[in-house]
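Asker: I have a structure here, written as structure tokens, and I will follow up with some questions on it.
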Amino acid sequence: MDYKQSSKADETGIALFMVIAAMTILSILVTEFTYVTQVNSRMAFDALDQVKAQSLAKAGFKISLLRLKAYQKVSAMAGSGGAAASSMVPKGLLEKIWSFPFFYPLPSGMPGMSMNDKDMIDKFQKDSALEGKFSAIIESESSRYNLNQILSPFAAPVPTPSPSPTASGTPSGSASPSPTPTPAPTFDPAAARESLSTYLTGILQAKFESDEDFAGAHRDLRVEELVDSIAAYADPAYQKRFNIGREKVPFKKAPFFTLAELRNILEIDDDLYDLFAPGLTTSLTPGINVNQMKEMTLRALVPGITKEEVDDFFKFRDSETEDNAFKTPDDFFTYLQRNISVFRNDEAEVKRYRDGLNARGVRIVTSESNFRIVVRAQVGQATRVLEAMVTLLDPAAAAPGAPGAPPPPAPLPGAPPPISGPGAPPGTPTGAPPSGFKVTFMRIY
């Protein structure tokens, strides 16, 4: 009797153990299934937020293009109205159409905003049903120095002086002597490398004066060796002279595509890259825009300028009460002659400086046509950044057959002739783009 009772107790214990084990296994499986489901759900929502953030970044990009188009239209209207119309629209105010940062959601609590404006902004944002937020910043690309300017295809064009008019003393009835043609300026690669060296030296000297720790860490840097490595990296015809065989990576022997390629240069460390990058670009620009350049570029462009003269320059140019933006390059050089001590108010000295810029392929411009658009969008935890390079086109000059229009590109060998006219496929471009601008580069990451 005792044996039977003990056997039944053992069986009951085994059954209880099996039930507990089964429940434990089921609990583990349910927990695992729940975890996997939550992870997949979160991944799905994150992927959806990524798509929303990318769409929001594209929306910010289109708004930026609209601002550039508005700037182009208003500039054309002011220019067509003559000097009177131009004086009514200050250049600095005109450029705020594109230079002022744009944020969404729109700030409705700014000082001076009426309750009606605030209610309209709140209603617009509620009706738009846009999730997330974004910022859209448009920057001047011509305010930077073109790193590829050491290569002839990327050098800024130098204006060719017009031939001198016929002398007034020519006897009547005699044949007027034909003016001597002025030879077109040729690209000087040595002068272009010297220009880059001068520019980088100016940036370094300004940094050394303001940061003793930086100066101590980079006192052994030789700019001529740095420019030598940059030229050897980008110029297929240039032979390196210093530190031969000590490259970080094999030289590409092609133009810089992005500034990030500077990190491939032996002499460039993180501190030097962070110092040089804001003042450099790899985009093809018409020149350096003196109405948009920052202090770093001014110091590098005008060697010998003092700190006080730098402060006075920006105080004059960016005056909020007067329109002191430079209308032409001559206005800029006139300012240098009258206000920068190294030129000693000497017109001949300024002319030598200007000729030196032309010889090095550096051109001064006062209007902006090349822009960098940076849009940062965020939805939930997802973030997308859109970068683009946009060039404004002159519709009158770009139209086929217009005076000064560039000739059509030559067809590639063996390529079929272009199709145009009634037989052209739908969407075939004819002439200048109707948008008035050209997107030359874009990436989303």
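Residues are named by chain letter and number: chains run A, B, ... in the order of the structure tokens, numbers start at 1 in each chain, and ligands are numbered from 1 in the order shown.
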Give me the residues near region 368-383 of chain A as a list in words, where near means some atom within 7 Å (using only C-alpha atoms) and where sequence neighbours in that chain fewer than 5 positions away do not count.

Answerer: Asp46, Asp49, Gln50, Lys52, Ala53, Leu56, Ala57, Gly60, Phe61, Glu131, Gly132, Lys133, Phe134, Ser135, Ala136, Ile137, Ile138, Glu139, Ser140, Glu141, Ser142, Thr285, Asn289, Ala388, Met389, Val390, Thr391 and Leu392 of chain A

Asker: So that I have them on file, write out the residues from the current selection with N, CA, C and O atoms, as an mmCIF file, in the first residue's frame.

Answerer:
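Written out: selection_5.cif:
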data_model
loop_
_atom_site.group_PDB
_atom_site.id
_atom_site.type_symbol
_atom_site.label_atom_id
_atom_site.label_comp_id
_atom_site.auth_asym_id
_atom_site.auth_seq_id
_atom_site.Cartn_x
_atom_site.Cartn_y
_atom_site.Cartn_z
ATOM 1 N N ASP A 46 10.276 53.093 -38.362
ATOM 2 C CA ASP A 46 11.491 53.856 -38.670
ATOM 3 C C ASP A 46 11.679 54.006 -40.175
ATOM 4 O O ASP A 46 12.063 55.082 -40.661
ATOM 5 N N ASP A 49 9.331 56.594 -41.270
ATOM 6 C CA ASP A 49 9.829 57.926 -40.914
ATOM 7 C C ASP A 49 10.967 58.354 -41.827
ATOM 8 O O ASP A 49 11.095 59.543 -42.155
ATOM 9 N N GLN A 50 11.792 57.395 -42.250
ATOM 10 C CA GLN A 50 12.870 57.730 -43.180
ATOM 11 C C GLN A 50 12.310 58.227 -44.510
ATOM 12 O O GLN A 50 12.804 59.194 -45.092
ATOM 13 N N LYS A 52 9.340 59.589 -44.917
ATOM 14 C CA LYS A 52 8.737 60.898 -44.664
ATOM 15 C C LYS A 52 9.802 61.985 -44.570
ATOM 16 O O LYS A 52 9.624 63.085 -45.102
ATOM 17 N N ALA A 53 10.923 61.670 -43.888
ATOM 18 C CA ALA A 53 12.002 62.656 -43.767
ATOM 19 C C ALA A 53 12.606 62.981 -45.123
ATOM 20 O O ALA A 53 12.922 64.142 -45.409
ATOM 21 N N LEU A 56 10.226 65.197 -46.880
ATOM 22 C CA LEU A 56 10.261 66.526 -46.284
ATOM 23 C C LEU A 56 11.502 67.288 -46.742
ATOM 24 O O LEU A 56 11.437 68.497 -46.995
ATOM 25 N N ALA A 57 12.635 66.591 -46.858
ATOM 26 C CA ALA A 57 13.848 67.236 -47.359
ATOM 27 C C ALA A 57 13.664 67.704 -48.804
ATOM 28 O O ALA A 57 14.116 68.797 -49.175
ATOM 29 N N GLY A 60 11.665 70.860 -48.750
ATOM 30 C CA GLY A 60 12.508 72.005 -48.426
ATOM 31 C C GLY A 60 13.387 72.422 -49.590
ATOM 32 O O GLY A 60 13.639 73.615 -49.802
ATOM 33 N N PHE A 61 13.853 71.450 -50.370
ATOM 34 C CA PHE A 61 14.664 71.763 -51.541
ATOM 35 C C PHE A 61 13.851 72.522 -52.587
ATOM 36 O O PHE A 61 14.333 73.504 -53.179
ATOM 37 N N GLU A 131 4.382 66.295 -41.091
ATOM 38 C CA GLU A 131 5.012 65.799 -39.879
ATOM 39 C C GLU A 131 6.486 66.172 -39.872
ATOM 40 O O GLU A 131 7.120 66.292 -40.906
ATOM 41 N N GLY A 132 7.032 66.335 -38.673
ATOM 42 C CA GLY A 132 8.449 66.588 -38.544
ATOM 43 C C GLY A 132 8.803 68.050 -38.713
ATOM 44 O O GLY A 132 7.947 68.946 -38.691
ATOM 45 N N LYS A 133 10.090 68.295 -38.908
ATOM 46 C CA LYS A 133 10.612 69.647 -39.054
ATOM 47 C C LYS A 133 11.800 69.630 -39.998
ATOM 48 O O LYS A 133 12.426 68.590 -40.210
ATOM 49 N N PHE A 134 12.103 70.787 -40.585
ATOM 50 C CA PHE A 134 13.270 70.883 -41.453
ATOM 51 C C PHE A 134 13.790 72.313 -41.463
ATOM 52 O O PHE A 134 13.068 73.265 -41.134
ATOM 53 N N SER A 135 15.050 72.430 -41.821
ATOM 54 C CA SER A 135 15.688 73.728 -42.037
ATOM 55 C C SER A 135 16.302 73.723 -43.426
ATOM 56 O O SER A 135 16.886 72.717 -43.846
ATOM 57 N N ALA A 136 16.171 74.828 -44.137
ATOM 58 C CA ALA A 136 16.703 74.965 -45.496
ATOM 59 C C ALA A 136 17.601 76.196 -45.537
ATOM 60 O O ALA A 136 17.124 77.317 -45.317
ATOM 61 N N ILE A 137 18.875 75.988 -45.799
ATOM 62 C CA ILE A 137 19.856 77.071 -45.829
ATOM 63 C C ILE A 137 20.473 77.134 -47.216
ATOM 64 O O ILE A 137 20.887 76.111 -47.774
ATOM 65 N N ILE A 138 20.518 78.334 -47.775
ATOM 66 C CA ILE A 138 21.137 78.571 -49.083
ATOM 67 C C ILE A 138 22.390 79.392 -48.854
ATOM 68 O O ILE A 138 22.335 80.457 -48.235
ATOM 69 N N GLU A 139 23.512 78.898 -49.341
ATOM 70 C CA GLU A 139 24.795 79.564 -49.135
ATOM 71 C C GLU A 139 25.396 79.959 -50.473
ATOM 72 O O GLU A 139 25.148 79.326 -51.505
ATOM 73 N N SER A 140 26.190 81.012 -50.430
ATOM 74 C CA SER A 140 26.919 81.461 -51.611
ATOM 75 C C SER A 140 28.105 80.549 -51.850
ATOM 76 O O SER A 140 28.948 80.372 -50.977
ATOM 77 N N GLU A 141 28.175 79.961 -53.014
ATOM 78 C CA GLU A 141 29.312 79.097 -53.344
ATOM 79 C C GLU A 141 30.463 79.910 -53.934
ATOM 80 O O GLU A 141 31.618 79.515 -53.843
ATOM 81 N N SER A 142 30.148 81.076 -54.525
ATOM 82 C CA SER A 142 31.197 81.908 -55.118
ATOM 83 C C SER A 142 31.970 82.704 -54.080
ATOM 84 O O SER A 142 32.920 83.406 -54.440
ATOM 85 N N THR A 285 32.947 78.054 -60.339
ATOM 86 C CA THR A 285 32.306 79.340 -60.051
ATOM 87 C C THR A 285 32.906 80.421 -60.942
ATOM 88 O O THR A 285 34.042 80.288 -61.424
ATOM 89 N N ASN A 289 32.924 86.116 -54.907
ATOM 90 C CA ASN A 289 31.888 87.129 -54.694
ATOM 91 C C ASN A 289 32.258 87.947 -53.457
ATOM 92 O O ASN A 289 32.151 87.471 -52.331
ATOM 93 N N ALA A 388 22.722 70.157 -52.381
ATOM 94 C CA ALA A 388 22.621 70.356 -53.820
ATOM 95 C C ALA A 388 23.382 71.604 -54.224
ATOM 96 O O ALA A 388 23.502 72.558 -53.439
ATOM 97 N N MET A 389 23.915 71.593 -55.440
ATOM 98 C CA MET A 389 24.547 72.755 -56.049
ATOM 99 C C MET A 389 23.650 73.237 -57.184
ATOM 100 O O MET A 389 23.266 72.438 -58.054
ATOM 101 N N VAL A 390 23.330 74.513 -57.165
ATOM 102 C CA VAL A 390 22.416 75.081 -58.152
ATOM 103 C C VAL A 390 23.076 76.293 -58.788
ATOM 104 O O VAL A 390 23.655 77.139 -58.089
ATOM 105 N N THR A 391 22.996 76.369 -60.111
ATOM 106 C CA THR A 391 23.529 77.499 -60.860
ATOM 107 C C THR A 391 22.385 78.221 -61.551
ATOM 108 O O THR A 391 21.601 77.599 -62.279
ATOM 109 N N LEU A 392 22.269 79.527 -61.312
ATOM 110 C CA LEU A 392 21.264 80.332 -62.001
ATOM 111 C C LEU A 392 21.746 80.632 -63.414
ATOM 112 O O LEU A 392 22.921 80.955 -63.625
#

Asker: Run DSSP on the backbone and tell me which residues of region 275-398 of chain A come out as strand (DSSP E); list them as a list in words.

Answerer: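 Put together, the selection reads Leu280, Thr281, Ile288, Asn289, Ile364, Val365, Asn370, Phe371, Arg372, Ile373, Val374, Val375, Arg376, Ala377, Gln378, Val379, Ala382, Thr383, Arg384, Val385, Leu386, Glu387, Ala388, Met389, Val390, Thr391 and Leu392 of chain A.
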
Asker: Identify, with DSSP run on backbone atoms, the residues in region 202-427 of chain A assigned to helix (DSSP H, G or I), and express the list as a PyMOL selection string.

Answerer: chain A and resi 202-210+212-217+223-234+259-264+270-279+295-301+307-317+329-339+341-343+347-359+395-398+421-423

Asker: Could you please determine the separation between CA of Phe242 (chain A) and CA of Ser229 (chain A) in Å, to one decimal place?

Answerer: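 CA of Ser229 (chain A) lies at a distance of 7.8 Å from CA of Phe242 (chain A).
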
Asker: Mind giving me the straight-line distance from CA of Ile288 (chain A) to CA of Asn146 (chain A) in Å, one decimal?

Answerer: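 Separating CA of Ile288 (chain A) from CA of Asn146 (chain A) is a distance of 8.6 Å.
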
Asker: Please determine, counting only C-alpha atoms, which residue among A:Ala215, A:Leu94, A:Leu226, A:Ile340 has the shortest atom-to-atom distance to Glu247 (chain A).

Answerer: A:Leu226

Asker: Just how far from CA of Leu68 (chain A) is CA of Pro255 (chain A), in Å to one decimal?

Answerer: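 Separation between CA of Pro255 (chain A) and CA of Leu68 (chain A): 28.1 Å.
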
Asker: Do a neighbour search on region 306-310 of chain A at 9 Å with only C-alpha atoms, toss out local chain neighbours closer than 5 positions, and write the hits as a PDB file with all heavy atoms, in the first residue's frame.

Answerer:
ATOM      1  N   GLU A 295      35.312  86.631 -43.469  1.00  0.00           N
ATOM      2  CA  GLU A 295      36.583  87.216 -43.050  1.00  0.00           C
ATOM      3  C   GLU A 295      37.770  86.378 -43.507  1.00  0.00           C
ATOM      4  O   GLU A 295      38.797  86.923 -43.928  1.00  0.00           O
ATOM      5  CB  GLU A 295      36.604  87.364 -41.522  1.00  0.00           C
ATOM      6  CG  GLU A 295      37.907  87.933 -40.984  1.00  0.00           C
ATOM      7  CD  GLU A 295      37.894  88.112 -39.484  1.00  0.00           C
ATOM      8  OE1 GLU A 295      36.797  88.057 -38.890  1.00  0.00           O
ATOM      9  OE2 GLU A 295      38.973  88.303 -38.902  1.00  0.00           O
ATOM     10  N   LEU A 298      38.507  87.164 -47.117  1.00  0.00           N
ATOM     11  CA  LEU A 298      39.028  88.521 -47.291  1.00  0.00           C
ATOM     12  C   LEU A 298      40.493  88.591 -46.883  1.00  0.00           C
ATOM     13  O   LEU A 298      41.318  89.188 -47.588  1.00  0.00           O
ATOM     14  CB  LEU A 298      38.196  89.504 -46.466  1.00  0.00           C
ATOM     15  CG  LEU A 298      38.709  90.945 -46.448  1.00  0.00           C
ATOM     16  CD1 LEU A 298      38.695  91.549 -47.842  1.00  0.00           C
ATOM     17  CD2 LEU A 298      37.889  91.801 -45.485  1.00  0.00           C
ATOM     18  N   ARG A 299      40.837  87.994 -45.755  1.00  0.00           N
ATOM     19  CA  ARG A 299      42.224  88.026 -45.301  1.00  0.00           C
ATOM     20  C   ARG A 299      43.152  87.308 -46.283  1.00  0.00           C
ATOM     21  O   ARG A 299      44.292  87.727 -46.500  1.00  0.00           O
ATOM     22  CB  ARG A 299      42.337  87.385 -43.919  1.00  0.00           C
ATOM     23  CG  ARG A 299      41.858  88.271 -42.771  1.00  0.00           C
ATOM     24  CD  ARG A 299      42.003  87.553 -41.450  1.00  0.00           C
ATOM     25  NE  ARG A 299      41.789  88.438 -40.324  1.00  0.00           N
ATOM     26  CZ  ARG A 299      42.745  89.190 -39.758  1.00  0.00           C
ATOM     27  NH1 ARG A 299      43.968  89.132 -40.228  1.00  0.00           N
ATOM     28  NH2 ARG A 299      42.474  89.966 -38.734  1.00  0.00           N
ATOM     29  N   LYS A 315      31.836  96.204 -41.655  1.00  0.00           N
ATOM     30  CA  LYS A 315      30.901  97.203 -41.135  1.00  0.00           C
ATOM     31  C   LYS A 315      30.373  98.073 -42.258  1.00  0.00           C
ATOM     32  O   LYS A 315      29.188  98.435 -42.281  1.00  0.00           O
ATOM     33  CB  LYS A 315      31.608  98.065 -40.083  1.00  0.00           C
ATOM     34  CG  LYS A 315      30.708  99.079 -39.408  1.00  0.00           C
ATOM     35  CD  LYS A 315      31.460  99.852 -38.329  1.00  0.00           C
ATOM     36  CE  LYS A 315      30.561 100.873 -37.655  1.00  0.00           C
ATOM     37  NZ  LYS A 315      31.294 101.643 -36.606  1.00  0.00           N
ATOM     38  N   ASN A 339      40.898 102.676 -48.615  1.00  0.00           N
ATOM     39  CA  ASN A 339      40.736 102.312 -47.210  1.00  0.00           C
ATOM     40  C   ASN A 339      41.746 101.303 -46.684  1.00  0.00           C
ATOM     41  O   ASN A 339      41.811 101.099 -45.472  1.00  0.00           O
ATOM     42  CB  ASN A 339      39.322 101.752 -46.980  1.00  0.00           C
ATOM     43  CG  ASN A 339      38.240 102.761 -47.292  1.00  0.00           C
ATOM     44  OD1 ASN A 339      37.915 103.615 -46.484  1.00  0.00           O
ATOM     45  ND2 ASN A 339      37.673 102.661 -48.496  1.00  0.00           N
ATOM     46  N   ILE A 340      42.496 100.628 -47.552  1.00  0.00           N
ATOM     47  CA  ILE A 340      43.453  99.618 -47.103  1.00  0.00           C
ATOM     48  C   ILE A 340      44.853 100.201 -47.211  1.00  0.00           C
ATOM     49  O   ILE A 340      45.288 100.621 -48.292  1.00  0.00           O
ATOM     50  CB  ILE A 340      43.321  98.326 -47.940  1.00  0.00           C
ATOM     51  CG1 ILE A 340      41.865  97.848 -47.953  1.00  0.00           C
ATOM     52  CG2 ILE A 340      44.236  97.254 -47.373  1.00  0.00           C
ATOM     53  CD1 ILE A 340      41.276  97.608 -46.585  1.00  0.00           C
ATOM     54  N   SER A 341      45.562 100.205 -46.095  1.00  0.00           N
ATOM     55  CA  SER A 341      46.821 100.946 -46.019  1.00  0.00           C
ATOM     56  C   SER A 341      47.914 100.378 -46.921  1.00  0.00           C
ATOM     57  O   SER A 341      48.784 101.123 -47.375  1.00  0.00           O
ATOM     58  CB  SER A 341      47.312 100.972 -44.561  1.00  0.00           C
ATOM     59  OG  SER A 341      47.472  99.650 -44.060  1.00  0.00           O
TER      60      SER A 341
END

Asker: Using only C-alpha atoms, which protein or nucleic acid residues come within 8 Å of region 273-278 of chain A? Drop anything in the same chain fewer than 2 positions from it, and give the result as a list in words.

Answerer: Arg144, Leu200, Ile203, Leu259, Leu262, Arg263, Ile268, Asp269, Asp270, Asp271, Leu280 and Thr281 of chain A

Asker: Do a neighbour search on Phe332 (chain A) at 9 Å with only C-alpha atoms, toss out local chain neighbours closer than 4 positions, and write the hits as a list in words.

Answerer: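 Listing them by chain and then by number gives Val290, Phe326, Lys327, Thr328, Leu336, Gln337, Ile364 and Thr366 of chain A.
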
Asker: Show which residues sit within 12 Å of region 348-352 of chain A, as a tab-separated table (two decimals) with N, CA and C atoms, in the first residue's frame. Count only C-alpha atoms, and ignore same-chain residues fewer than 2 positions away.

Answerer:
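Heads up, here's the output in out31.tsv:
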chain	number	residue	atom	x	y	z
A	302	VAL	N	43.36	89.55	-49.64
A	302	VAL	CA	44.08	90.82	-49.54
A	302	VAL	C	45.18	90.67	-48.49
A	330	ASP	N	34.96	97.15	-59.98
A	330	ASP	CA	35.68	98.42	-59.83
A	330	ASP	C	35.39	99.07	-58.50
A	332	PHE	N	34.86	97.57	-55.70
A	332	PHE	CA	35.66	96.87	-54.69
A	332	PHE	C	37.11	97.35	-54.71
A	333	PHE	N	37.70	97.46	-55.89
A	333	PHE	CA	39.09	97.89	-55.98
A	333	PHE	C	39.24	99.36	-55.56
A	334	THR	N	38.23	100.17	-55.83
A	334	THR	CA	38.25	101.56	-55.37
A	334	THR	C	38.24	101.63	-53.84
A	335	TYR	N	37.45	100.76	-53.23
A	335	TYR	CA	37.42	100.72	-51.76
A	335	TYR	C	38.79	100.32	-51.22
A	336	LEU	N	39.42	99.32	-51.84
A	336	LEU	CA	40.74	98.90	-51.38
A	336	LEU	C	41.74	100.05	-51.48
A	337	GLN	N	41.69	100.79	-52.57
A	337	GLN	CA	42.64	101.88	-52.76
A	337	GLN	C	42.47	102.96	-51.68
A	338	ARG	N	41.24	103.24	-51.31
A	338	ARG	CA	40.98	104.36	-50.40
A	338	ARG	C	41.07	103.97	-48.92
A	339	ASN	N	40.90	102.68	-48.61
A	339	ASN	CA	40.74	102.31	-47.21
A	339	ASN	C	41.75	101.30	-46.68
A	340	ILE	N	42.50	100.63	-47.55
A	340	ILE	CA	43.45	99.62	-47.10
A	340	ILE	C	44.85	100.20	-47.21
A	341	SER	N	45.56	100.21	-46.10
A	341	SER	CA	46.82	100.95	-46.02
A	341	SER	C	47.91	100.38	-46.92
A	342	VAL	N	47.90	99.06	-47.19
A	342	VAL	CA	48.98	98.48	-47.99
A	342	VAL	C	48.98	99.02	-49.42
A	343	PHE	N	47.86	99.60	-49.87
A	343	PHE	CA	47.79	100.14	-51.23
A	343	PHE	C	48.16	101.62	-51.27
A	344	ARG	N	48.30	102.25	-50.10
A	344	ARG	CA	48.78	103.63	-49.99
A	344	ARG	C	48.01	104.61	-50.87
A	345	ASN	N	46.74	104.33	-51.10
A	345	ASN	CA	45.88	105.19	-51.93
A	345	ASN	C	46.52	105.46	-53.29
A	346	ASP	N	47.18	104.44	-53.82
A	346	ASP	CA	47.91	104.57	-55.08
A	346	ASP	C	47.18	103.73	-56.13
A	354	ARG	N	45.49	94.09	-59.05
A	354	ARG	CA	44.42	93.54	-59.90
A	354	ARG	C	45.00	92.69	-61.02
A	355	ASP	N	46.08	93.15	-61.63
A	355	ASP	CA	46.71	92.37	-62.69
A	355	ASP	C	47.26	91.06	-62.13
A	356	GLY	N	47.76	91.10	-60.90
A	356	GLY	CA	48.25	89.87	-60.27
A	356	GLY	C	47.14	88.86	-60.06
A	357	LEU	N	45.95	89.34	-59.67
A	357	LEU	CA	44.81	88.43	-59.53
A	357	LEU	C	44.45	87.81	-60.88
A	358	ASN	N	44.43	88.63	-61.93
A	358	ASN	CA	44.10	88.11	-63.25
A	358	ASN	C	45.12	87.08	-63.72
A	359	ALA	N	46.39	87.34	-63.43
A	359	ALA	CA	47.43	86.40	-63.85
A	359	ALA	C	47.30	85.07	-63.14

Asker: Which polymer residues have any atom within 12 Å of an atom of Arg246 (chain A), counting only C-alpha atoms, with same-chain residues fewer than 3 positions away left out, as an MDAnalysis selection string?

Answerer: chainID A and resid 225 229 240:243 249:251 264:267

Asker: Keeping only N, CA, C and O atoms, write those residues as a PDB file, in the first residue's frame.

Answerer:
ATOM      1  N   GLU A 225      54.779  72.604 -49.645  1.00  0.00           N
ATOM      2  CA  GLU A 225      54.658  71.152 -49.727  1.00  0.00           C
ATOM      3  C   GLU A 225      53.198  70.726 -49.793  1.00  0.00           C
ATOM      4  O   GLU A 225      52.855  69.761 -50.496  1.00  0.00           O
ATOM      5  N   SER A 229      51.448  68.711 -52.942  1.00  0.00           N
ATOM      6  CA  SER A 229      50.677  67.468 -52.862  1.00  0.00           C
ATOM      7  C   SER A 229      49.295  67.631 -53.486  1.00  0.00           C
ATOM      8  O   SER A 229      48.795  66.723 -54.160  1.00  0.00           O
ATOM      9  N   LYS A 240      55.228  65.605 -58.630  1.00  0.00           N
ATOM     10  CA  LYS A 240      55.454  66.024 -57.255  1.00  0.00           C
ATOM     11  C   LYS A 240      56.942  66.252 -57.007  1.00  0.00           C
ATOM     12  O   LYS A 240      57.797  65.514 -57.496  1.00  0.00           O
ATOM     13  N   ARG A 241      57.242  67.290 -56.167  1.00  0.00           N
ATOM     14  CA  ARG A 241      58.631  67.643 -55.884  1.00  0.00           C
ATOM     15  C   ARG A 241      59.049  67.322 -54.450  1.00  0.00           C
ATOM     16  O   ARG A 241      60.230  67.152 -54.174  1.00  0.00           O
ATOM     17  N   PHE A 242      58.071  67.265 -53.514  1.00  0.00           N
ATOM     18  CA  PHE A 242      58.391  67.038 -52.112  1.00  0.00           C
ATOM     19  C   PHE A 242      57.741  65.737 -51.631  1.00  0.00           C
ATOM     20  O   PHE A 242      56.689  65.325 -52.133  1.00  0.00           O
ATOM     21  N   ASN A 243      58.354  65.126 -50.635  1.00  0.00           N
ATOM     22  CA  ASN A 243      57.774  63.951 -49.970  1.00  0.00           C
ATOM     23  C   ASN A 243      57.337  62.881 -50.972  1.00  0.00           C
ATOM     24  O   ASN A 243      56.226  62.333 -50.887  1.00  0.00           O
ATOM     25  N   VAL A 249      47.173  57.840 -50.015  1.00  0.00           N
ATOM     26  CA  VAL A 249      46.537  56.991 -51.025  1.00  0.00           C
ATOM     27  C   VAL A 249      47.142  57.357 -52.375  1.00  0.00           C
ATOM     28  O   VAL A 249      47.707  58.445 -52.537  1.00  0.00           O
ATOM     29  N   PRO A 250      47.055  56.477 -53.361  1.00  0.00           N
ATOM     30  CA  PRO A 250      47.559  56.841 -54.691  1.00  0.00           C
ATOM     31  C   PRO A 250      46.847  58.081 -55.229  1.00  0.00           C
ATOM     32  O   PRO A 250      45.639  58.245 -55.056  1.00  0.00           O
ATOM     33  N   PHE A 251      47.607  58.961 -55.862  1.00  0.00           N
ATOM     34  CA  PHE A 251      47.025  60.187 -56.392  1.00  0.00           C
ATOM     35  C   PHE A 251      46.023  59.865 -57.502  1.00  0.00           C
ATOM     36  O   PHE A 251      46.269  59.030 -58.372  1.00  0.00           O
ATOM     37  N   ASN A 264      42.720  62.934 -48.206  1.00  0.00           N
ATOM     38  CA  ASN A 264      43.675  62.006 -48.809  1.00  0.00           C
ATOM     39  C   ASN A 264      45.076  62.602 -48.922  1.00  0.00           C
ATOM     40  O   ASN A 264      46.024  61.887 -49.269  1.00  0.00           O
ATOM     41  N   ILE A 265      45.201  63.900 -48.652  1.00  0.00           N
ATOM     42  CA  ILE A 265      46.492  64.576 -48.759  1.00  0.00           C
ATOM     43  C   ILE A 265      47.290  64.332 -47.487  1.00  0.00           C
ATOM     44  O   ILE A 265      46.769  64.445 -46.370  1.00  0.00           O
ATOM     45  N   LEU A 266      48.566  64.009 -47.643  1.00  0.00           N
ATOM     46  CA  LEU A 266      49.414  63.641 -46.512  1.00  0.00           C
ATOM     47  C   LEU A 266      49.451  64.729 -45.447  1.00  0.00           C
ATOM     48  O   LEU A 266      49.376  64.448 -44.246  1.00  0.00           O
ATOM     49  N   GLU A 267      49.581  65.988 -45.858  1.00  0.00           N
ATOM     50  CA  GLU A 267      49.778  67.078 -44.893  1.00  0.00           C
ATOM     51  C   GLU A 267      48.500  67.516 -44.192  1.00  0.00           C
ATOM     52  O   GLU A 267      48.545  68.307 -43.245  1.00  0.00           O
TER      53      GLU A 267
END

Asker: Which one of A:Phe437, A:Phe124, A:Tyr35, A:Tyr145 sits closest to Tyr104 (chain A) if you count only C-alpha atoms?

Answerer: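 Distance minimum relative to Tyr104 (chain A) lands on A:Phe124.
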